[in-house]
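Source file run-v7.pdb; content: PDB, C-alpha atoms.
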```
ATOM      1  CA  MET M   9     -61.660 -10.000 -42.683
ATOM      2  CA  GLN M  10     -60.249  -7.051 -44.638
ATOM      3  CA  LYS M  11     -58.269  -8.108 -47.698
ATOM      4  CA  ALA M  12     -54.741  -6.833 -48.345
ATOM      5  CA  LYS M  13     -54.299  -4.298 -51.108
ATOM      6  CA  VAL M  14     -52.333  -5.503 -54.110
ATOM      7  CA  ARG M  15     -51.139  -4.027 -57.375
ATOM      8  CA  LYS M  16     -52.013  -5.088 -60.902
ATOM      9  CA  VAL M  17     -49.896  -7.776 -62.503
ATOM     10  CA  SER M  18     -49.880  -7.646 -66.327
ATOM     11  CA  THR M  19     -53.527  -7.161 -67.333
ATOM     12  CA  GLU M  20     -54.926  -9.187 -64.431
ATOM     13  CA  THR M  21     -56.320  -7.825 -61.210
ATOM     14  CA  LEU M  22     -55.601 -10.319 -58.445
ATOM     15  CA  THR M  23     -57.388 -10.377 -55.112
ATOM     16  CA  SER M  24     -55.257 -11.332 -52.148
ATOM     17  CA  ASN M  25     -56.479 -13.814 -49.536
ATOM     18  CA  LEU M  26     -54.079 -12.392 -46.962
ATOM     19  CA  PRO M  27     -55.913 -10.655 -44.077
ATOM     20  CA  GLU M  28     -54.774  -7.105 -43.385
ATOM     21  CA  GLU M  29     -53.588  -7.932 -39.861
ATOM     22  CA  ARG M  30     -51.349 -10.747 -41.146
ATOM     23  CA  ARG M  31     -50.098  -8.614 -44.026
ATOM     24  CA  GLU M  32     -49.023  -5.934 -41.564
ATOM     25  CA  GLN M  33     -47.232  -8.513 -39.416
ATOM     26  CA  LEU M  34     -45.313  -9.872 -42.390
ATOM     27  CA  CYS M  35     -44.468  -6.396 -43.675
ATOM     28  CA  ALA M  36     -43.155  -5.490 -40.213
ATOM     29  CA  SER M  37     -40.907  -8.562 -40.206
ATOM     30  CA  LEU M  38     -39.479  -7.544 -43.601
ATOM     31  CA  GLY M  39     -39.089  -3.836 -42.888
ATOM     32  CA  ASN M  40     -41.011  -0.961 -44.416
ATOM     33  CA  VAL M  41     -42.340  -2.820 -47.466
ATOM     34  CA  GLU M  42     -45.461  -3.253 -49.571
ATOM     35  CA  LEU M  43     -46.518  -6.618 -51.000
ATOM     36  CA  THR M  44     -47.219  -7.023 -54.712
ATOM     37  CA  LEU M  45     -49.113 -10.210 -55.589
ATOM     38  CA  LEU M  46     -47.271 -12.058 -58.378
ATOM     39  CA  TYR M  47     -48.830 -15.499 -58.389
ATOM     40  CA  LYS M  48     -52.114 -17.005 -57.227
ATOM     41  CA  ALA M  49     -52.470 -20.752 -57.669
ATOM     42  CA  SER M  50     -56.265 -20.733 -57.929
ATOM     43  CA  VAL M  51     -55.938 -18.361 -60.914
ATOM     44  CA  HIS M  52     -52.674 -19.433 -62.567
ATOM     45  CA  GLY M  53     -52.618 -23.109 -61.609
ATOM     46  CA  TYR M  54     -50.559 -25.216 -59.221
ATOM     47  CA  GLN M  55     -48.115 -26.293 -61.943
ATOM     48  CA  ALA M  56     -44.450 -25.482 -61.357
ATOM     49  CA  SER M  57     -44.258 -23.894 -64.819
ATOM     50  CA  ALA M  58     -47.004 -21.407 -63.866
ATOM     51  CA  PHE M  59     -45.171 -20.543 -60.660
ATOM     52  CA  HIS M  60     -41.835 -19.951 -62.414
ATOM     53  CA  LYS M  61     -43.424 -17.965 -65.240
ATOM     54  CA  ARG M  62     -44.577 -15.315 -62.764
ATOM     55  CA  CYS M  63     -42.020 -15.569 -59.962
ATOM     56  CA  ASP M  64     -38.604 -16.094 -61.604
ATOM     57  CA  ARG M  65     -36.170 -13.155 -61.568
ATOM     58  CA  GLN M  66     -38.397 -11.119 -59.274
ATOM     59  CA  GLY M  67     -35.906 -10.631 -56.434
ATOM     60  CA  PRO M  68     -36.998 -11.442 -52.862
ATOM     61  CA  THR M  69     -40.341 -13.243 -52.621
ATOM     62  CA  LEU M  70     -42.797 -14.220 -49.912
ATOM     63  CA  LEU M  71     -44.832 -17.407 -50.329
ATOM     64  CA  VAL M  72     -48.131 -17.595 -48.427
ATOM     65  CA  ALA M  73     -50.147 -20.832 -48.300
ATOM     66  CA  TYR M  74     -53.583 -21.515 -46.833
ATOM     67  CA  ASN M  75     -55.246 -24.759 -45.767
ATOM     68  CA  ARG M  76     -58.736 -25.814 -44.748
ATOM     69  CA  SER M  77     -57.783 -25.932 -41.071
ATOM     70  CA  GLY M  78     -57.359 -22.153 -41.046
ATOM     71  CA  TYR M  79     -53.556 -22.022 -41.053
ATOM     72  CA  ILE M  80     -51.737 -19.308 -42.986
ATOM     73  CA  PHE M  81     -48.102 -20.321 -43.437
ATOM     74  CA  GLY M  82     -45.199 -20.125 -45.839
ATOM     75  CA  GLY M  83     -41.702 -18.768 -46.253
ATOM     76  CA  TYR M  84     -39.493 -15.913 -47.398
ATOM     77  CA  THR M  85     -36.367 -15.978 -49.546
ATOM     78  CA  SER M  86     -34.238 -12.977 -50.471
ATOM     79  CA  VAL M  87     -32.694 -14.732 -53.503
ATOM     80  CA  ASP M  88     -34.291 -14.905 -56.985
ATOM     81  CA  TYR M  89     -35.936 -18.007 -58.324
ATOM     82  CA  ALA M  90     -34.051 -18.779 -61.540
ATOM     83  CA  ARG M  91     -34.190 -22.556 -62.147
ATOM     84  CA  SER M  92     -30.400 -22.563 -61.886
ATOM     85  CA  GLY M  93     -30.082 -26.122 -60.579
ATOM     86  CA  ARG M  94     -28.049 -24.846 -57.620
ATOM     87  CA  GLU M  95     -28.396 -25.010 -53.866
ATOM     88  CA  ILE M  96     -29.102 -21.522 -52.543
ATOM     89  CA  THR M  97     -27.537 -20.004 -49.445
ATOM     90  CA  ASP M  98     -29.791 -17.376 -47.898
ATOM     91  CA  GLU M  99     -29.277 -16.315 -44.293
ATOM     92  CA  GLU M 100     -32.365 -14.099 -44.476
ATOM     93  CA  ALA M 101     -34.724 -16.969 -45.318
ATOM     94  CA  PHE M 102     -37.405 -17.864 -42.793
ATOM     95  CA  LEU M 103     -40.681 -19.759 -42.417
ATOM     96  CA  PHE M 104     -43.795 -18.488 -40.655
ATOM     97  CA  SER M 105     -47.172 -19.688 -39.469
ATOM     98  CA  PHE M 106     -50.357 -17.964 -38.282
ATOM     99  CA  LYS M 107     -53.339 -19.611 -36.636
ATOM    100  CA  SER M 108     -56.063 -17.689 -34.805
ATOM    101  CA  GLY M 109     -54.205 -15.326 -32.445
ATOM    102  CA  THR M 110     -50.852 -17.113 -32.562
ATOM    103  CA  SER M 111     -47.873 -16.573 -34.843
ATOM    104  CA  SER M 112     -44.436 -18.139 -35.187
ATOM    105  CA  TYR M 113     -41.307 -17.507 -37.246
ATOM    106  CA  ILE M 114     -38.592 -20.071 -37.958
ATOM    107  CA  LYS M 115     -35.176 -18.849 -39.114
ATOM    108  CA  ILE M 116     -32.839 -20.879 -41.294
ATOM    109  CA  ASN M 117     -30.403 -22.926 -39.209
ATOM    110  CA  SER M 118     -26.740 -21.975 -39.534
ATOM    111  CA  GLY M 119     -24.737 -23.880 -42.121
ATOM    112  CA  TYR M 120     -27.705 -25.094 -44.186
ATOM    113  CA  ASN M 121     -28.927 -24.166 -47.660
ATOM    114  CA  ALA M 122     -32.217 -22.295 -47.772
ATOM    115  CA  ARG M 123     -33.568 -24.081 -50.860
ATOM    116  CA  TYR M 124     -32.781 -25.913 -54.075
ATOM    117  CA  ASP M 125     -33.335 -23.731 -57.131
ATOM    118  CA  ASP M 126     -34.729 -26.091 -59.762
ATOM    119  CA  ALA M 127     -37.670 -26.189 -62.178
ATOM    120  CA  ASN M 128     -40.021 -27.788 -59.657
ATOM    121  CA  GLY M 129     -42.367 -25.964 -57.310
ATOM    122  CA  PRO M 130     -41.034 -23.817 -54.460
ATOM    123  CA  ASN M 131     -39.248 -25.527 -51.588
ATOM    124  CA  PHE M 132     -37.533 -24.432 -48.414
ATOM    125  CA  GLY M 133     -34.432 -26.283 -47.257
ATOM    126  CA  GLN M 134     -35.268 -29.227 -49.569
ATOM    127  CA  GLN M 135     -37.472 -29.990 -46.614
ATOM    128  CA  LEU M 136     -40.820 -28.271 -47.105
ATOM    129  CA  TYR M 137     -42.343 -28.429 -50.608
ATOM    130  CA  PHE M 138     -45.295 -26.324 -51.782
ATOM    131  CA  CYS M 139     -47.519 -27.237 -54.754
ATOM    132  CA  HIS M 140     -45.839 -30.641 -54.564
ATOM    133  CA  ASN M 141     -46.066 -32.634 -57.805
ATOM    134  CA  ASN M 142     -48.138 -29.805 -59.341
ATOM    135  CA  GLN M 143     -50.912 -30.399 -56.827
ATOM    136  CA  PRO M 144     -52.477 -28.218 -54.069
ATOM    137  CA  VAL M 145     -50.363 -30.009 -51.492
ATOM    138  CA  VAL M 146     -47.615 -29.150 -48.992
ATOM    139  CA  TYR M 147     -45.130 -31.958 -48.391
ATOM    140  CA  HIS M 148     -42.643 -32.224 -45.524
ATOM    141  CA  GLN M 149     -39.697 -34.458 -46.349
ATOM    142  CA  GLY M 150     -37.789 -33.998 -43.114
ATOM    143  CA  GLY M 151     -34.392 -32.370 -42.703
ATOM    144  CA  ASN M 152     -32.472 -29.929 -40.541
ATOM    145  CA  ALA M 153     -32.416 -26.640 -42.464
ATOM    146  CA  PHE M 154     -35.471 -25.432 -40.544
ATOM    147  CA  SER M 155     -36.659 -26.652 -37.148
ATOM    148  CA  ILE M 156     -40.195 -27.507 -38.250
ATOM    149  CA  ASN M 157     -43.041 -28.965 -36.241
ATOM    150  CA  THR M 158     -45.667 -29.769 -38.874
ATOM    151  CA  SER M 159     -48.428 -29.960 -36.272
ATOM    152  CA  SER M 160     -47.896 -26.403 -35.040
ATOM    153  CA  MET M 161     -46.994 -25.029 -38.459
ATOM    154  CA  TYR M 162     -49.988 -26.224 -40.469
ATOM    155  CA  GLY M 163     -51.891 -28.641 -38.236
ATOM    156  CA  ASN M 164     -50.684 -31.603 -40.320
ATOM    157  CA  GLU M 165     -53.314 -30.586 -42.898
ATOM    158  CA  THR M 166     -51.392 -31.028 -46.160
ATOM    159  CA  GLN M 167     -54.185 -30.066 -48.570
ATOM    160  CA  LEU M 168     -53.898 -26.431 -49.682
ATOM    161  CA  SER M 169     -56.880 -24.201 -50.371
ATOM    162  CA  GLU M 170     -54.674 -21.477 -51.910
ATOM    163  CA  CYS M 171     -51.043 -20.584 -52.518
ATOM    164  CA  GLU M 172     -49.838 -17.034 -53.251
ATOM    165  CA  VAL M 173     -46.454 -15.464 -53.909
ATOM    166  CA  TYR M 174     -45.752 -11.808 -53.175
ATOM    167  CA  LYS M 175     -42.914  -9.501 -54.074
ATOM    168  CA  PRO M 176     -41.880  -7.235 -51.155
ATOM    169  CA  GLU M 177     -41.005  -3.722 -52.320
ATOM    170  CA  VAL M 178     -39.826  -0.710 -50.370
ATOM    171  CA  SER M 179     -42.860   1.211 -49.208
ATOM    172  CA  VAL M 180     -43.413   4.821 -50.225
ATOM    173  CA  GLU M 181     -45.253   6.814 -47.586
ATOM    174  CA  GLU M 182     -48.743   7.736 -48.749
ATOM    175  CA  LYS M 183     -48.574  10.954 -46.754
ATOM    176  CA  PRO M 184     -45.322  12.954 -46.768
ATOM    177  CA  TRP M 185     -44.008  13.939 -43.341
ATOM    178  CA  ARG M 186     -44.266  17.564 -44.475
ATOM    179  CA  ASN M 187     -45.639  19.438 -47.458
ATOM    180  CA  VAL M 188     -42.955  21.295 -49.400
ATOM    181  CA  LEU M 189     -44.184  24.232 -51.451
ATOM    182  CA  TRP M 190     -41.059  24.434 -53.606
ATOM    183  CA  THR M 191     -39.186  22.177 -56.004
ATOM    184  CA  PRO M 192     -35.488  22.132 -56.966
ATOM    185  CA  GLU M 193     -36.482  24.094 -60.073
ATOM    186  CA  ASN M 194     -38.311  26.962 -58.367
ATOM    187  CA  HIS M 195     -36.544  27.033 -54.978
ATOM    188  CA  LYS M 196     -35.319  30.492 -54.014
ATOM    189  CA  PRO M 197     -33.168  31.079 -50.908
ATOM    190  CA  LEU M 198     -34.753  33.327 -48.308
ATOM    191  CA  MET M 199     -31.480  35.208 -47.889
ATOM    192  CA  THR M 200     -29.329  36.035 -50.908
ATOM    193  CA  SER M 201     -26.509  37.507 -48.805
ATOM    194  CA  VAL M 202     -25.493  34.003 -47.634
ATOM    195  CA  SER M 203     -24.330  31.827 -50.521
ATOM    196  CA  GLN M 204     -22.995  29.008 -48.333
ATOM    197  CA  VAL M 205     -24.363  27.817 -44.995
ATOM    198  CA  ARG M 206     -21.534  27.314 -42.494
ATOM    199  CA  ILE M 207     -22.002  24.230 -40.313
ATOM    200  CA  LEU M 208     -19.807  23.919 -37.217
ATOM    201  CA  MET M 209     -18.958  20.417 -35.980
ATOM    202  CA  ILE M 210     -18.297  20.097 -32.248
ATOM    203  CA  GLY M 211     -17.385  16.935 -30.371
ATOM    204  CA  PRO M 212     -14.898  15.135 -28.121
ATOM    205  CA  VAL M 213     -11.420  14.170 -29.294
ATOM    206  CA  GLY M 214     -11.679  11.027 -31.433
ATOM    207  CA  ALA M 215     -15.437  11.303 -31.989
ATOM    208  CA  GLY M 216     -14.946  11.283 -35.759
ATOM    209  CA  LYS M 217     -15.547  14.872 -36.900
ATOM    210  CA  SER M 218     -12.802  14.708 -39.528
ATOM    211  CA  SER M 219     -13.950  11.248 -40.639
ATOM    212  CA  PHE M 220     -17.505  12.552 -40.964
ATOM    213  CA  PHE M 221     -16.342  15.348 -43.252
ATOM    214  CA  ASN M 222     -14.194  12.956 -45.312
ATOM    215  CA  SER M 223     -17.218  10.690 -45.788
ATOM    216  CA  ILE M 224     -19.403  13.592 -46.965
ATOM    217  CA  ASN M 225     -16.661  14.880 -49.247
ATOM    218  CA  SER M 226     -16.052  11.412 -50.719
ATOM    219  CA  ILE M 227     -19.743  11.005 -51.554
ATOM    220  CA  PHE M 228     -19.921  14.239 -53.531
ATOM    221  CA  THR M 229     -16.507  14.008 -55.221
ATOM    222  CA  GLY M 230     -17.084  10.410 -56.278
ATOM    223  CA  HIS M 231     -13.873   8.987 -54.810
ATOM    224  CA  VAL M 232     -12.351   8.399 -51.370
ATOM    225  CA  THR M 233     -10.788  11.523 -49.873
ATOM    226  CA  THR M 234      -8.836  12.245 -46.687
ATOM    227  CA  LYS M 235      -8.794  16.011 -46.868
ATOM    228  CA  ALA M 236      -9.424  16.391 -43.131
ATOM    229  CA  ILE M 237      -7.113  14.775 -40.575
ATOM    230  CA  LEU M 238      -6.444  15.366 -36.863
ATOM    231  CA  THR M 239      -7.695  18.887 -36.198
ATOM    232  CA  VAL M 240      -5.558  21.209 -34.052
ATOM    233  CA  GLN M 241      -6.935  24.484 -35.381
ATOM    234  CA  PHE M 242     -10.170  25.930 -36.722
ATOM    235  CA  ARG M 243     -10.723  24.684 -40.279
ATOM    236  CA  THR M 244     -13.345  25.313 -42.942
ATOM    237  CA  TYR M 245     -14.009  22.706 -45.615
ATOM    238  CA  PRO M 246     -16.018  23.568 -48.742
ATOM    239  CA  VAL M 247     -17.501  20.574 -50.582
ATOM    240  CA  ASN M 248     -17.572  20.440 -54.385
ATOM    241  CA  ASP M 249     -20.108  18.683 -56.596
ATOM    242  CA  GLY M 250     -17.781  16.228 -58.321
ATOM    243  CA  ARG M 251     -13.998  16.229 -58.717
ATOM    244  CA  GLU M 252     -13.951  19.549 -60.592
ATOM    245  CA  GLY M 253     -17.503  20.633 -59.816
ATOM    246  CA  LYS M 254     -18.938  23.790 -58.361
ATOM    247  CA  PRO M 255     -18.930  24.376 -54.584
ATOM    248  CA  LEU M 256     -22.086  23.150 -52.867
ATOM    249  CA  PRO M 257     -24.124  25.654 -50.811
ATOM    250  CA  PHE M 258     -22.622  24.631 -47.469
ATOM    251  CA  VAL M 259     -19.260  24.624 -45.702
ATOM    252  CA  LEU M 260     -18.337  22.208 -42.908
ATOM    253  CA  CYS M 261     -16.295  23.793 -40.131
ATOM    254  CA  ASP M 262     -14.097  21.709 -37.826
ATOM    255  CA  THR M 263     -12.550  22.547 -34.485
ATOM    256  CA  MET M 264     -10.128  21.023 -32.040
ATOM    257  CA  GLY M 265     -11.810  18.222 -30.100
ATOM    258  CA  LEU M 266     -13.176  18.632 -26.585
ATOM    259  CA  GLU M 267     -11.256  17.171 -23.645
ATOM    260  CA  GLU M 268     -12.385  16.849 -20.048
ATOM    261  CA  GLN M 269      -9.276  18.472 -18.522
ATOM    262  CA  SER M 270      -9.411  22.210 -18.000
ATOM    263  CA  GLY M 271      -7.237  24.054 -20.500
ATOM    264  CA  ALA M 272      -7.015  21.057 -22.861
ATOM    265  CA  GLY M 273      -8.703  20.770 -26.237
ATOM    266  CA  LEU M 274     -11.166  23.350 -27.515
ATOM    267  CA  ASP M 275     -11.601  26.308 -25.165
ATOM    268  CA  ILE M 276     -15.283  26.970 -24.508
ATOM    269  CA  GLU M 277     -14.557  30.699 -24.509
ATOM    270  CA  ASP M 278     -13.460  30.435 -28.145
ATOM    271  CA  ILE M 279     -16.889  29.128 -29.153
ATOM    272  CA  SER M 280     -18.460  32.587 -29.175
ATOM    273  CA  SER M 281     -15.744  33.947 -31.464
ATOM    274  CA  ILE M 282     -16.120  30.996 -33.831
ATOM    275  CA  LEU M 283     -19.908  31.279 -33.937
ATOM    276  CA  GLN M 284     -19.768  34.995 -34.631
ATOM    277  CA  GLY M 285     -17.262  34.537 -37.461
ATOM    278  CA  HIS M 286     -14.306  36.219 -35.780
ATOM    279  CA  ILE M 287     -11.929  33.285 -36.351
ATOM    280  CA  PRO M 288     -10.786  32.630 -39.938
ATOM    281  CA  ASP M 289      -9.686  29.328 -41.470
ATOM    282  CA  ARG M 290      -6.497  27.824 -39.953
ATOM    283  CA  TYR M 291      -6.525  30.298 -37.052
ATOM    284  CA  LYS M 292      -5.288  28.842 -33.754
ATOM    285  CA  GLN M 293      -6.174  31.658 -31.357
ATOM    286  CA  LYS M 294      -9.037  33.993 -30.769
ATOM    287  CA  ALA M 295      -9.238  36.869 -33.199
ATOM    288  CA  SER M 296     -11.195  40.061 -32.992
ATOM    289  CA  ARG M 297     -12.321  41.521 -36.293
ATOM    290  CA  PRO M 298     -15.633  42.449 -37.927
ATOM    291  CA  ALA M 299     -17.438  39.481 -39.478
ATOM    292  CA  SER M 300     -20.031  39.415 -42.233
ATOM    293  CA  LEU M 301     -23.171  37.289 -42.060
ATOM    294  CA  GLN M 302     -21.555  34.921 -44.583
ATOM    295  CA  GLU M 303     -18.624  34.311 -42.207
ATOM    296  CA  LYS M 304     -20.754  33.504 -39.171
ATOM    297  CA  ILE M 305     -21.779  29.991 -38.137
ATOM    298  CA  HIS M 306     -25.358  29.230 -39.152
ATOM    299  CA  CYS M 307     -25.751  25.715 -37.735
ATOM    300  CA  VAL M 308     -24.033  23.621 -35.043
ATOM    301  CA  VAL M 309     -23.753  19.826 -35.262
ATOM    302  CA  TYR M 310     -22.630  17.735 -32.293
ATOM    303  CA  VAL M 311     -20.555  14.708 -33.343
ATOM    304  CA  ILE M 312     -20.383  12.002 -30.666
ATOM    305  CA  ASP M 313     -19.213   8.372 -30.780
ATOM    306  CA  ALA M 314     -22.426   6.439 -30.097
ATOM    307  CA  THR M 315     -20.462   3.506 -28.650
ATOM    308  CA  LYS M 316     -18.919   5.687 -25.938
ATOM    309  CA  ILE M 317     -21.853   7.789 -24.731
ATOM    310  CA  SER M 318     -22.236   5.709 -21.570
ATOM    311  CA  LEU M 319     -18.501   6.147 -20.877
ATOM    312  CA  MET M 320     -18.492   9.934 -21.261
ATOM    313  CA  SER M 321     -17.193  11.639 -18.121
ATOM    314  CA  ASP M 322     -19.285  14.119 -16.138
ATOM    315  CA  LYS M 323     -16.769  16.885 -16.896
ATOM    316  CA  LEU M 324     -17.060  16.325 -20.644
ATOM    317  CA  GLN M 325     -20.855  16.239 -20.415
ATOM    318  CA  GLU M 326     -20.784  19.549 -18.567
ATOM    319  CA  LYS M 327     -18.563  21.055 -21.272
ATOM    320  CA  LEU M 328     -21.051  20.000 -23.943
ATOM    321  CA  ALA M 329     -23.917  21.422 -21.877
ATOM    322  CA  SER M 330     -22.054  24.727 -21.483
ATOM    323  CA  ILE M 331     -21.454  24.912 -25.225
ATOM    324  CA  ARG M 332     -25.130  24.209 -25.900
ATOM    325  CA  ARG M 333     -26.164  27.029 -23.563
ATOM    326  CA  LYS M 334     -23.744  29.410 -25.255
ATOM    327  CA  VAL M 335     -24.954  28.417 -28.735
ATOM    328  CA  ASN M 336     -28.586  28.858 -27.690
ATOM    329  CA  SER M 337     -27.915  32.295 -26.224
ATOM    330  CA  LEU M 338     -26.276  33.503 -29.440
ATOM    331  CA  GLY M 339     -29.149  32.134 -31.509
ATOM    332  CA  GLU M 340     -31.815  34.090 -29.653
TER     333      GLU M 340
END
```
Can the structure in the file be given as structure tokens, please?
Amino acid sequence: MQKAKVRKVSTETLTSNLPEERREQLCASLGNVELTLLYKASVHGYQASAFHKRCDRQGPTLLVAYNRSGYIFGGYTSVDYARSGREITDEEAFLFSFKSGTSSYIKINSGYNARYDDANGPNFGQQLYFCHNNQPVVYHQGGNAFSINTSSMYGNETQLSECEVYKPEVSVEEKPWRNVLWTPENHKPLMTSVSQVRILMIGPVGAGKSSFFNSINSIFTGHVTTKAILTVQFRTYPVNDGREGKPLPFVLCDTMGLEEQSGAGLDIEDISSILQGHIPDRYKQKASRPASLQEKIHCVVYVIDATKISLMSDKLQEKLASIRRKVNSLGE
């Protein structure tokens, strides 16, 4: 079987025993992660001191054990090993087992501690002990933290042929989703006549357009802001880089929310005037005046409450479809 790729630890190069197929399964269960091999009992020893020397203060860890019956099994904890002498609560902890084409995962039972953080070898739920008494042995003491069947988990074969501990780390894509030919240092806008991109937010009443802007503004200013509230007129909101910073190269534009009743909320006929820059900030009615390219809308964002999509009326859906057609026609 193909061996999993691992990184160098200190000056040692460690070879993983974990088959690629199983590695991918475990990585999928943990999210988009890579596994760095920290500890290998056949190299470092089965002593608890060797385990803690390489695995303490490493963040989340994944223990993988192997026995002569062909089982690959172990457990995950999201909390550091630290020899603190405390019982550890960890709702993300789980056990797993692979044998031939089968796999199983066992979550921590509610209300139980995931492990006891002492100077001994790794344990899960003070129930399943690995490298027990500094020996290549797994020992099941019994308990209720995990619903374990030792026969299906490791075939009741307690002698270990190997024990490894990995550190899961967020994976960086080997191939970028697109190749960018510029960097922040050498980037040059294609159009110098537009210093700020104007982004129009459109959505039903109560969808959260104003809240969306406040969230964006709070991120860049560094503190919570409520600059935008219930919108009853066309508004433009520049965003600054920091409390007293320079304006960022975009402006968020808000409108009155859409309503299903005819004549209520944002009038679809006003959309064209807004997109073409004929309506200035705080204007309530359609205006007719020349607009520069800087004043026109360059991008439209639809803001919709994801929890209410299935409840959206046919009339409101038709309004959104009409707006989309109008936006598309002006963008041609």
*Name all residues at most 6 Å from M:Pro68 (count all atoms listed in the file; drop same-chain ones fewer than 4 positions away) and give them as a ChimeraX atom specification.*
/M:85-87
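The shortest atom-to-atom distance to M:Glu100, with all atoms listed in the file taken into account, belongs to M:Leu38 out of M:Leu38, M:Ser201, M:Asp125, M:Leu328.
Counting only C-alpha atoms and comparing M:Phe81, M:Tyr124, M:Phe242, M:Tyr74, the residue that lies closest to M:Pro144 is M:Tyr74.
The smallest atom-to-atom distance between M:Asn121 and any of M:Ile96, M:Leu34, M:Val311, M:Val202, using only C-alpha atoms, is found for M:Ile96.
Reported to one decimal place, the separation of atom CA of M:Lys323 from atom CA of M:Gly214 is 16.5 Å.
Reported to one decimal place, the separation of atom CA of M:Glu99 from atom CA of M:Val145 is 26.2 Å.
Nearest-residue note for M:Asn128: choosing from M:Leu324, M:Leu208, M:Ile317, M:Ala58, the minimum distance belongs to M:Ala58, counting all atoms listed in the file.
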List as a compact mmCIF listing (two decimals) with C-alpha atoms, in the frame of the given file the protein and nucleic acid residues near M:Ser300, meaning an atom at most 9 Å away when all atoms listed in the file are counted, but skip any in the same chain fewer than 2 places from it.
```txt
# COMPACT_ATOMS: atom_id res chain seq x y z
CA GLN M 284 -19.77 34.99 -34.63
CA GLY M 285 -17.26 34.54 -37.46
CA PRO M 298 -15.63 42.45 -37.93
CA GLN M 302 -21.56 34.92 -44.58
CA GLU M 303 -18.62 34.31 -42.21
CA LYS M 304 -20.75 33.50 -39.17
```
*Name the residues in contact with M:Ala36 at a cut-off of 12 Å, using all atoms listed in the file, excluding same-chain residues fewer than 6 positions from it; report them as a PyMOL selection string.*
chain M and resi 29-30+42-43+176+178-179
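Applied to the shown file, the PyMOL selection byres ((chain M and resi 69) around 10) selects the residues Leu43, Thr44, Leu45, Leu46, Cys63, Asp64, Arg65, Gln66, Gly67, Pro68, Leu70, Leu71, Val72, Gly83, Tyr84, Thr85, Ser86, Val87, Asp88, Tyr89, Ala101, Val173, Tyr174, Lys175, Pro176 and Glu177 of chain M.
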*Find, counting only C-alpha atoms, the residue in M:Pro27, M:Leu266, M:Gln149, M:Tyr245 that gets nearest to M:Phe220.*
M:Tyr245
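Shortest atom-to-atom contact with M:Asn25 among M:Ala314, M:Ile80, M:Met264, M:Met209: M:Ile80, counting only C-alpha atoms.
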*Show which residues sit within 7 Å of M:Tyr79, as JSON, numbers by chain. Count only C-alpha atoms, and ignore same-chain residues fewer than 3 positions away.*
{"M": [74, 75, 105, 106, 107, 162]}
Write the residues of the selection above to a file with C-alpha atoms, as a tab-separated table (two decimals), keeping the file's coordinate frame.
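Resulting contents of result_32.tsv:
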```
chain	number	residue	atom	x	y	z
M	74	TYR	CA	-53.58	-21.52	-46.83
M	75	ASN	CA	-55.25	-24.76	-45.77
M	105	SER	CA	-47.17	-19.69	-39.47
M	106	PHE	CA	-50.36	-17.96	-38.28
M	107	LYS	CA	-53.34	-19.61	-36.64
M	162	TYR	CA	-49.99	-26.22	-40.47
```
Neighbours of M:Glu252 within 9 Å (only C-alpha atoms; same-chain residues fewer than 3 positions away dropped), as a PDB file with C-alpha atoms, keeping the file's coordinate frame?
```
ATOM      1  CA  THR M 229     -16.507  14.008 -55.221  1.00  0.00           C
ATOM      2  CA  ASN M 248     -17.572  20.440 -54.385  1.00  0.00           C
ATOM      3  CA  ASP M 249     -20.108  18.683 -56.596  1.00  0.00           C
TER       4      ASP M 249
END
```
*Run the PyMOL selection byres ((chain M and resi 132) around 9) on the file and write out the hits as JSON, numbers by chain.*
{"M": [83, 84, 85, 101, 102, 103, 121, 122, 123, 124, 130, 131, 133, 134, 135, 136, 137, 138, 153, 154]}
For stretch 165-176 of chain M, what centre and edge lengths in Å (one decimal) does the axis-aligned box get once 4 Å is added on each side of all its listed atoms, as lines of an AutoDock Vina configuration file?
```
center_x = -49.4
center_y = -19.1
center_z = -48.5
size_x = 23.0
size_y = 31.8
size_z = 19.2
```
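Picture a line from atom CA of M:Arg31 to atom CA of M:Ile114; it runs 17.3 Å.
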Using the structure just given, write a file holding C-alpha atoms for stretch 70-81 of chain M, as a PDB file, in the first residue's frame.
```
ATOM      1  CA  LEU M  70      -4.502  12.003  16.172  1.00  0.00           C
ATOM      2  CA  LEU M  71      -3.248   8.712  17.609  1.00  0.00           C
ATOM      3  CA  VAL M  72      -3.053   5.757  15.207  1.00  0.00           C
ATOM      4  CA  ALA M  73      -2.267   2.243  16.470  1.00  0.00           C
ATOM      5  CA  TYR M  74      -1.665  -0.970  14.538  1.00  0.00           C
ATOM      6  CA  ASN M  75      -1.856  -4.607  15.614  1.00  0.00           C
ATOM      7  CA  ARG M  76      -0.873  -7.940  14.110  1.00  0.00           C
ATOM      8  CA  SER M  77      -4.475  -8.762  13.217  1.00  0.00           C
ATOM      9  CA  GLY M  78      -4.486  -5.967  10.637  1.00  0.00           C
ATOM     10  CA  TYR M  79      -6.544  -3.426  12.582  1.00  0.00           C
ATOM     11  CA  ILE M  80      -5.747   0.277  12.333  1.00  0.00           C
ATOM     12  CA  PHE M  81      -7.415   2.109  15.215  1.00  0.00           C
TER      13      PHE M  81
END
```
